[in-house]
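Text of my_file-v3.pdb (PDB, C-alpha atoms) as supplied:
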ATOM      1  CA  MET A   1       3.728  29.192 -14.162
ATOM      2  CA  ALA A   2       6.791  27.192 -15.215
ATOM      3  CA  ILE A   3       8.954  25.171 -12.855
ATOM      4  CA  GLY A   4      12.382  23.571 -13.201
ATOM      5  CA  TYR A   5      13.973  20.337 -11.978
ATOM      6  CA  SER A   6      14.537  21.552  -8.443
ATOM      7  CA  ASP A   7      10.821  22.321  -7.901
ATOM      8  CA  LEU A   8       9.549  18.930  -9.097
ATOM      9  CA  LYS A   9       7.921  16.676  -6.484
ATOM     10  CA  LYS A  10       5.507  13.739  -6.286
ATOM     11  CA  GLY A  11       1.838  14.662  -6.518
ATOM     12  CA  LEU A  12       2.482  17.904  -8.413
ATOM     13  CA  ALA A  13      -0.012  18.635 -11.232
ATOM     14  CA  ILE A  14       1.746  19.355 -14.549
ATOM     15  CA  GLU A  15       0.218  20.216 -17.921
ATOM     16  CA  LEU A  16       1.493  18.185 -20.881
ATOM     17  CA  ASP A  17       0.004  18.445 -24.362
ATOM     18  CA  GLY A  18      -2.944  20.430 -22.982
ATOM     19  CA  GLU A  19      -3.912  17.727 -20.424
ATOM     20  CA  PRO A  20      -3.350  17.677 -16.653
ATOM     21  CA  TYR A  21      -0.985  14.997 -15.331
ATOM     22  CA  VAL A  22       0.275  14.301 -11.832
ATOM     23  CA  VAL A  23       3.902  13.349 -11.094
ATOM     24  CA  VAL A  24       4.040   9.750  -9.826
ATOM     25  CA  GLU A  25       7.827   9.404  -9.576
ATOM     26  CA  TYR A  26      10.951  10.955 -11.001
ATOM     27  CA  SER A  27      14.706  10.504 -11.089
ATOM     28  CA  SER A  28      17.629  12.515 -12.375
ATOM     29  CA  ARG A  29      21.044  11.471 -13.676
ATOM     30  CA  LYS A  30      24.008  13.413 -14.850
ATOM     31  CA  MET A  31      26.865  11.838 -16.723
ATOM     32  CA  GLN A  32      30.282  13.423 -17.197
ATOM     33  CA  GLN A  33      30.320  16.417 -19.536
ATOM     34  CA  ARG A  34      26.670  15.971 -20.461
ATOM     35  CA  ALA A  35      23.426  17.699 -19.603
ATOM     36  CA  PRO A  36      21.312  16.061 -16.877
ATOM     37  CA  VAL A  37      18.571  13.629 -17.882
ATOM     38  CA  MET A  38      15.323  13.691 -15.887
ATOM     39  CA  GLN A  39      13.017  10.684 -16.173
ATOM     40  CA  VAL A  40       9.468  11.353 -14.998
ATOM     41  CA  ARG A  41       6.453   9.062 -14.705
ATOM     42  CA  PHE A  42       3.128  10.894 -15.025
ATOM     43  CA  ARG A  43      -0.477   9.735 -14.466
ATOM     44  CA  SER A  44      -3.238  11.430 -16.427
ATOM     45  CA  LEU A  45      -5.833  13.011 -14.150
ATOM     46  CA  LYS A  46      -8.513  12.541 -16.808
ATOM     47  CA  THR A  47      -7.920   8.957 -17.930
ATOM     48  CA  GLY A  48      -5.547   7.455 -15.333
ATOM     49  CA  ARG A  49      -3.131   6.502 -18.135
ATOM     50  CA  ILE A  50       0.579   6.292 -17.184
ATOM     51  CA  LEU A  51       3.062   8.238 -19.296
ATOM     52  CA  ASP A  52       6.862   8.035 -19.061
ATOM     53  CA  ARG A  53       8.873  10.981 -20.364
ATOM     54  CA  SER A  54      12.558  11.895 -20.390
ATOM     55  CA  PHE A  55      13.785  15.478 -20.403
ATOM     56  CA  GLN A  56      17.362  16.492 -21.134
ATOM     57  CA  GLY A  57      19.100  19.807 -20.627
ATOM     58  CA  TYR A  58      19.633  22.529 -18.080
ATOM     59  CA  ASP A  59      16.772  24.780 -19.165
ATOM     60  CA  VAL A  60      13.823  22.332 -19.152
ATOM     61  CA  LYS A  61      10.690  23.981 -17.773
ATOM     62  CA  LEU A  62       7.387  22.264 -16.979
ATOM     63  CA  THR A  63       4.059  24.107 -16.809
ATOM     64  CA  LEU A  64       1.895  23.734 -13.711
ATOM     65  CA  ALA A  65      -1.647  22.580 -14.493
ATOM     66  CA  SER A  66      -4.513  24.726 -13.322
ATOM     67  CA  VAL A  67      -6.272  22.208 -11.087
ATOM     68  CA  GLU A  68      -8.377  22.933  -8.046
ATOM     69  CA  ARG A  69      -8.969  20.518  -5.173
ATOM     70  CA  ARG A  70     -12.098  20.538  -3.024
ATOM     71  CA  HIS A  71     -13.157  18.352  -0.106
ATOM     72  CA  ALA A  72     -16.137  16.193  -0.999
ATOM     73  CA  GLN A  73     -18.060  13.259   0.372
ATOM     74  CA  TYR A  74     -19.095  10.155  -1.577
ATOM     75  CA  ILE A  75     -22.879   9.909  -1.297
ATOM     76  CA  TYR A  76     -24.215   7.238  -3.678
ATOM     77  CA  GLU A  77     -23.907   5.286  -6.945
ATOM     78  CA  ASP A  78     -26.598   5.260  -9.626
ATOM     79  CA  GLY A  79     -26.308   3.544 -13.001
ATOM     80  CA  GLY A  80     -22.504   3.533 -13.136
ATOM     81  CA  MET A  81     -22.219   7.146 -12.022
ATOM     82  CA  TYR A  82     -20.737   7.950  -8.613
ATOM     83  CA  TYR A  83     -22.006  11.097  -6.910
ATOM     84  CA  PHE A  84     -19.922  13.299  -4.629
ATOM     85  CA  MET A  85     -21.073  16.292  -2.581
ATOM     86  CA  ASP A  86     -18.872  19.318  -1.964
ATOM     87  CA  THR A  87     -18.680  19.665   1.832
ATOM     88  CA  GLU A  88     -18.708  23.485   1.716
ATOM     89  CA  THR A  89     -21.215  24.368  -1.013
ATOM     90  CA  PHE A  90     -23.249  21.114  -0.956
ATOM     91  CA  ASP A  91     -23.082  20.946  -4.777
ATOM     92  CA  GLN A  92     -23.234  17.420  -6.212
ATOM     93  CA  PHE A  93     -20.844  16.177  -8.892
ATOM     94  CA  PRO A  94     -21.192  12.897 -10.833
ATOM     95  CA  LEU A  95     -18.099  10.951 -11.913
ATOM     96  CA  ALA A  96     -18.077   7.918 -14.204
ATOM     97  CA  ALA A  97     -16.862   4.547 -12.928
ATOM     98  CA  GLU A  98     -13.764   4.889 -15.148
ATOM     99  CA  GLN A  99     -12.735   8.050 -13.278
ATOM    100  CA  VAL A 100     -12.935   6.411  -9.836
ATOM    101  CA  LYS A 101     -12.023   2.785 -10.685
ATOM    102  CA  ASP A 102      -8.881   2.726  -8.494
ATOM    103  CA  ALA A 103     -10.839   3.845  -5.419
ATOM    104  CA  LEU A 104     -13.877   1.551  -5.838
ATOM    105  CA  PRO A 105     -12.555  -1.289  -3.613
ATOM    106  CA  TYR A 106     -12.292   1.199  -0.718
ATOM    107  CA  MET A 107     -15.348   3.440  -1.177
ATOM    108  CA  VAL A 108     -18.274   3.300   1.202
ATOM    109  CA  GLU A 109     -20.930   5.952   1.573
ATOM    110  CA  GLU A 110     -19.839   9.096   3.443
ATOM    111  CA  THR A 111     -16.132   8.586   2.632
ATOM    112  CA  THR A 112     -14.343  11.940   2.450
ATOM    113  CA  VAL A 113     -12.166  12.483  -0.646
ATOM    114  CA  GLU A 114     -10.634  15.367  -2.565
ATOM    115  CA  LEU A 115     -12.281  16.146  -5.900
ATOM    116  CA  VAL A 116      -9.848  17.369  -8.567
ATOM    117  CA  PHE A 117     -11.246  20.026 -10.913
ATOM    118  CA  HIS A 118      -9.749  21.131 -14.236
ATOM    119  CA  GLU A 119     -11.357  24.083 -16.009
ATOM    120  CA  GLY A 120     -14.312  23.928 -13.613
ATOM    121  CA  GLN A 121     -15.141  20.260 -14.270
ATOM    122  CA  PRO A 122     -14.450  17.376 -11.861
ATOM    123  CA  ILE A 123     -12.000  14.998 -13.518
ATOM    124  CA  ALA A 124     -10.720  12.718 -10.736
ATOM    125  CA  ILE A 125     -10.605  12.043  -7.011
ATOM    126  CA  ASP A 126      -7.681  11.888  -4.620
ATOM    127  CA  PHE A 127      -8.441   9.100  -2.205
ATOM    128  CA  PRO A 128      -7.075   9.019   1.364
ATOM    129  CA  VAL A 129      -4.003   6.846   1.939
ATOM    130  CA  PHE A 130      -5.666   4.955   4.817
ATOM    131  CA  VAL A 131      -9.308   3.899   5.148
ATOM    132  CA  GLU A 132     -11.204   2.096   7.888
ATOM    133  CA  LEU A 133     -13.487  -0.711   6.707
ATOM    134  CA  LYS A 134     -15.655  -3.251   8.512
ATOM    135  CA  VAL A 135     -14.834  -6.971   8.244
ATOM    136  CA  THR A 136     -17.808  -8.934   6.850
ATOM    137  CA  GLU A 137     -16.202 -12.374   6.546
ATOM    138  CA  ALA A 138     -13.322 -13.797   8.558
ATOM    139  CA  PRO A 139     -12.893 -17.565   8.800
ATOM    140  CA  PRO A 140     -11.671 -18.868  12.152
ATOM    141  CA  GLY A 141      -7.909 -18.746  12.492
ATOM    142  CA  HIS A 142      -5.926 -21.908  13.130
ATOM    143  CA  ARG A 143      -2.321 -21.461  14.103
ATOM    144  CA  GLY A 144      -1.236 -24.881  12.880
ATOM    145  CA  ASP A 145       2.457 -25.166  12.171
ATOM    146  CA  THR A 146       3.223 -21.461  11.913
ATOM    147  CA  ALA A 147       6.550 -20.528  13.429
ATOM    148  CA  GLN A 148       5.522 -16.893  13.545
ATOM    149  CA  GLY A 149       2.247 -14.984  13.166
ATOM    150  CA  GLY A 150      -0.032 -16.472  10.533
ATOM    151  CA  THR A 151      -2.469 -14.744   8.202
ATOM    152  CA  LYS A 152      -5.839 -15.496   6.641
ATOM    153  CA  LEU A 153      -8.010 -14.007   3.902
ATOM    154  CA  ILE A 154     -10.745 -11.683   5.151
ATOM    155  CA  THR A 155     -13.505  -9.932   3.206
ATOM    156  CA  LEU A 156     -14.319  -6.279   3.848
ATOM    157  CA  GLU A 157     -17.651  -4.442   3.481
ATOM    158  CA  THR A 158     -16.743  -3.286  -0.047
ATOM    159  CA  GLY A 159     -16.043  -6.857  -1.214
ATOM    160  CA  LEU A 160     -12.268  -6.412  -1.109
ATOM    161  CA  THR A 161     -10.335  -9.438   0.188
ATOM    162  CA  ILE A 162      -7.003  -8.943   1.950
ATOM    163  CA  GLN A 163      -4.573 -10.879   4.131
ATOM    164  CA  ALA A 164      -4.903 -10.161   7.853
ATOM    165  CA  PRO A 165      -3.596 -11.680  11.098
ATOM    166  CA  LEU A 166      -5.397 -14.726  12.538
ATOM    167  CA  PHE A 167      -6.878 -12.733  15.453
ATOM    168  CA  VAL A 168      -9.056 -10.485  13.219
ATOM    169  CA  THR A 169     -12.721 -11.494  13.534
ATOM    170  CA  GLU A 170     -15.965 -10.717  11.736
ATOM    171  CA  GLY A 171     -17.568  -7.396  12.719
ATOM    172  CA  GLU A 172     -14.307  -5.619  13.599
ATOM    173  CA  THR A 173     -13.088  -2.508  11.827
ATOM    174  CA  VAL A 174      -9.620  -2.553  10.280
ATOM    175  CA  ARG A 175      -7.353   0.109   8.783
ATOM    176  CA  VAL A 176      -6.217  -0.594   5.196
ATOM    177  CA  ASP A 177      -3.497   1.083   3.098
ATOM    178  CA  THR A 178      -5.148   2.076  -0.222
ATOM    179  CA  ARG A 179      -1.814   2.181  -2.068
ATOM    180  CA  THR A 180      -0.967  -1.474  -1.429
ATOM    181  CA  ALA A 181      -4.267  -3.039  -0.253
ATOM    182  CA  GLU A 182      -2.583  -4.233   2.938
ATOM    183  CA  TYR A 183      -3.943  -4.667   6.443
ATOM    184  CA  LEU A 184      -2.400  -2.154   8.873
ATOM    185  CA  ALA A 185      -4.224  -2.423  12.209
ATOM    186  CA  ARG A 186      -7.481  -3.017  14.037
ATOM    187  CA  VAL A 187      -9.382   0.117  14.937
TER     188      VAL A 187
END
Translate the structure described by the file into structure tokens.
Amino acid sequence: MAIGYSDLKKGLAIELDGEPYVVVEYSSRKMQQRAPVMQVRFRSLKTGRILDRSFQGYDVKLTLASVERRHAQYIYEDGGMYYFMDTETFDQFPLAAEQVKDALPYMVEETTVELVFHEGQPIAIDFPVFVELKVTEAPPGHRGDTAQGGTKLITLETGLTIQAPLFVTEGETVRVDTRTAEYLARV
């Protein structure tokens, strides 16, 4: 199925050169007496590579990629392969570390994700925007000369270190934004 400019949106899977890509961002401009120019940033679902393309004209059509998404749960890692279990069929699917590298700082066992399939094979995961992780290290907070709320570096159960408010202590669970690696709230 082909779509035009008006149907384009972030997160949409598009097929370019026989490979599935997802739209990361896009913008359109139209100058006087000229055809509109659409600039689109794509991310490859297979490799994670970023691709910038410009399209010009009124009749530009993009082909939707045939991808399927299924709910799955991360179960374990073995020798650089990460195993996910489909929550409906209980089938297990291995993915290489390269395919899940962006999600590794946030993945703990039993995390629910969406597996992305292309032609029946798992090629990537869509990770949730927010995750809840346990704080393993949090030095004591000292207000000092802060005029407003201060922050400190804390370490989470996955080894990720982020800035958090001084009142966060070891053993608490915090909500983290996976897009920006920022502390959001205590849970």
Original post:
Which residues come within 12 Å of segment 150-158 of chain A, counting all atoms listed in the file, excluding same-chain residues fewer than 2 positions away, as JSON, numbers by chain?
Top reply: {"A": [103, 104, 105, 106, 107, 108, 109, 131, 132, 133, 134, 135, 136, 137, 138, 139, 140, 141, 142, 143, 144, 145, 146, 147, 148, 160, 161, 162, 163, 164, 165, 166, 167, 168, 169, 170, 171, 172, 173, 174, 175, 176, 181, 182, 183]}
Could you save the residues just selected, with C-alpha atoms, as an mmCIF file, in the coordinates of the input?
data_model
loop_
_atom_site.group_PDB
_atom_site.id
_atom_site.type_symbol
_atom_site.label_atom_id
_atom_site.label_comp_id
_atom_site.auth_asym_id
_atom_site.auth_seq_id
_atom_site.Cartn_x
_atom_site.Cartn_y
_atom_site.Cartn_z
ATOM 1 C CA ALA A 103 -10.839 3.845 -5.419
ATOM 2 C CA LEU A 104 -13.877 1.551 -5.838
ATOM 3 C CA PRO A 105 -12.555 -1.289 -3.613
ATOM 4 C CA TYR A 106 -12.292 1.199 -0.718
ATOM 5 C CA MET A 107 -15.348 3.440 -1.177
ATOM 6 C CA VAL A 108 -18.274 3.300 1.202
ATOM 7 C CA GLU A 109 -20.930 5.952 1.573
ATOM 8 C CA VAL A 131 -9.308 3.899 5.148
ATOM 9 C CA GLU A 132 -11.204 2.096 7.888
ATOM 10 C CA LEU A 133 -13.487 -0.711 6.707
ATOM 11 C CA LYS A 134 -15.655 -3.251 8.512
ATOM 12 C CA VAL A 135 -14.834 -6.971 8.244
ATOM 13 C CA THR A 136 -17.808 -8.934 6.850
ATOM 14 C CA GLU A 137 -16.202 -12.374 6.546
ATOM 15 C CA ALA A 138 -13.322 -13.797 8.558
ATOM 16 C CA PRO A 139 -12.893 -17.565 8.800
ATOM 17 C CA PRO A 140 -11.671 -18.868 12.152
ATOM 18 C CA GLY A 141 -7.909 -18.746 12.492
ATOM 19 C CA HIS A 142 -5.926 -21.908 13.130
ATOM 20 C CA ARG A 143 -2.321 -21.461 14.103
ATOM 21 C CA GLY A 144 -1.236 -24.881 12.880
ATOM 22 C CA ASP A 145 2.457 -25.166 12.171
ATOM 23 C CA THR A 146 3.223 -21.461 11.913
ATOM 24 C CA ALA A 147 6.550 -20.528 13.429
ATOM 25 C CA GLN A 148 5.522 -16.893 13.545
ATOM 26 C CA LEU A 160 -12.268 -6.412 -1.109
ATOM 27 C CA THR A 161 -10.335 -9.438 0.188
ATOM 28 C CA ILE A 162 -7.003 -8.943 1.950
ATOM 29 C CA GLN A 163 -4.573 -10.879 4.131
ATOM 30 C CA ALA A 164 -4.903 -10.161 7.853
ATOM 31 C CA PRO A 165 -3.596 -11.680 11.098
ATOM 32 C CA LEU A 166 -5.397 -14.726 12.538
ATOM 33 C CA PHE A 167 -6.878 -12.733 15.453
ATOM 34 C CA VAL A 168 -9.056 -10.485 13.219
ATOM 35 C CA THR A 169 -12.721 -11.494 13.534
ATOM 36 C CA GLU A 170 -15.965 -10.717 11.736
ATOM 37 C CA GLY A 171 -17.568 -7.396 12.719
ATOM 38 C CA GLU A 172 -14.307 -5.619 13.599
ATOM 39 C CA THR A 173 -13.088 -2.508 11.827
ATOM 40 C CA VAL A 174 -9.620 -2.553 10.280
ATOM 41 C CA ARG A 175 -7.353 0.109 8.783
ATOM 42 C CA VAL A 176 -6.217 -0.594 5.196
ATOM 43 C CA ALA A 181 -4.267 -3.039 -0.253
ATOM 44 C CA GLU A 182 -2.583 -4.233 2.938
ATOM 45 C CA TYR A 183 -3.943 -4.667 6.443
#
Residues matched by the PyMOL selection byres ((chain A and resi 53) around 12) as a PDB file with C-alpha atoms, in the coordinates of the input:
ATOM      1  CA  LEU A  16       1.493  18.185 -20.881  1.00  0.00           C
ATOM      2  CA  TYR A  21      -0.985  14.997 -15.331  1.00  0.00           C
ATOM      3  CA  VAL A  23       3.902  13.349 -11.094  1.00  0.00           C
ATOM      4  CA  VAL A  24       4.040   9.750  -9.826  1.00  0.00           C
ATOM      5  CA  GLU A  25       7.827   9.404  -9.576  1.00  0.00           C
ATOM      6  CA  TYR A  26      10.951  10.955 -11.001  1.00  0.00           C
ATOM      7  CA  SER A  27      14.706  10.504 -11.089  1.00  0.00           C
ATOM      8  CA  SER A  28      17.629  12.515 -12.375  1.00  0.00           C
ATOM      9  CA  VAL A  37      18.571  13.629 -17.882  1.00  0.00           C
ATOM     10  CA  MET A  38      15.323  13.691 -15.887  1.00  0.00           C
ATOM     11  CA  GLN A  39      13.017  10.684 -16.173  1.00  0.00           C
ATOM     12  CA  VAL A  40       9.468  11.353 -14.998  1.00  0.00           C
ATOM     13  CA  ARG A  41       6.453   9.062 -14.705  1.00  0.00           C
ATOM     14  CA  PHE A  42       3.128  10.894 -15.025  1.00  0.00           C
ATOM     15  CA  ARG A  43      -0.477   9.735 -14.466  1.00  0.00           C
ATOM     16  CA  ILE A  50       0.579   6.292 -17.184  1.00  0.00           C
ATOM     17  CA  LEU A  51       3.062   8.238 -19.296  1.00  0.00           C
ATOM     18  CA  ASP A  52       6.862   8.035 -19.061  1.00  0.00           C
ATOM     19  CA  SER A  54      12.558  11.895 -20.390  1.00  0.00           C
ATOM     20  CA  PHE A  55      13.785  15.478 -20.403  1.00  0.00           C
ATOM     21  CA  GLN A  56      17.362  16.492 -21.134  1.00  0.00           C
ATOM     22  CA  LEU A  62       7.387  22.264 -16.979  1.00  0.00           C
TER      23      LEU A  62
END
Original post:
From the set A:Lys10, A:His118, A:Arg179, A:Arg186, which residue has the shortest atom-to-atom contact distance to Glu68 of chain A, counting all atoms listed in the file?
Top reply: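 The closest residue to Glu68 of chain A is A:His118.
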**OP:** Show me as an NGL selection string the residues that reach within 12 Å of (-7.1, 9.4, -21.9), counting only C-alpha atoms and using the file's own coordinates.
**Re:** :A and (17-21 or 43-51 or 98-99 or 123)
**OP:** For Gly80 of chain A, please output as number ranges by chain all residues within 10 Å (counting only C-alpha atoms; exclusion window: fewer than 6 positions along the same chain).
**Re:** A: 94-98
**OP:** Quick one: pull the distance between atom CA of Met1 of chain A and atom CA of Gly57 of chain A, Å, one decimal.
**Re:** 19.1 Å
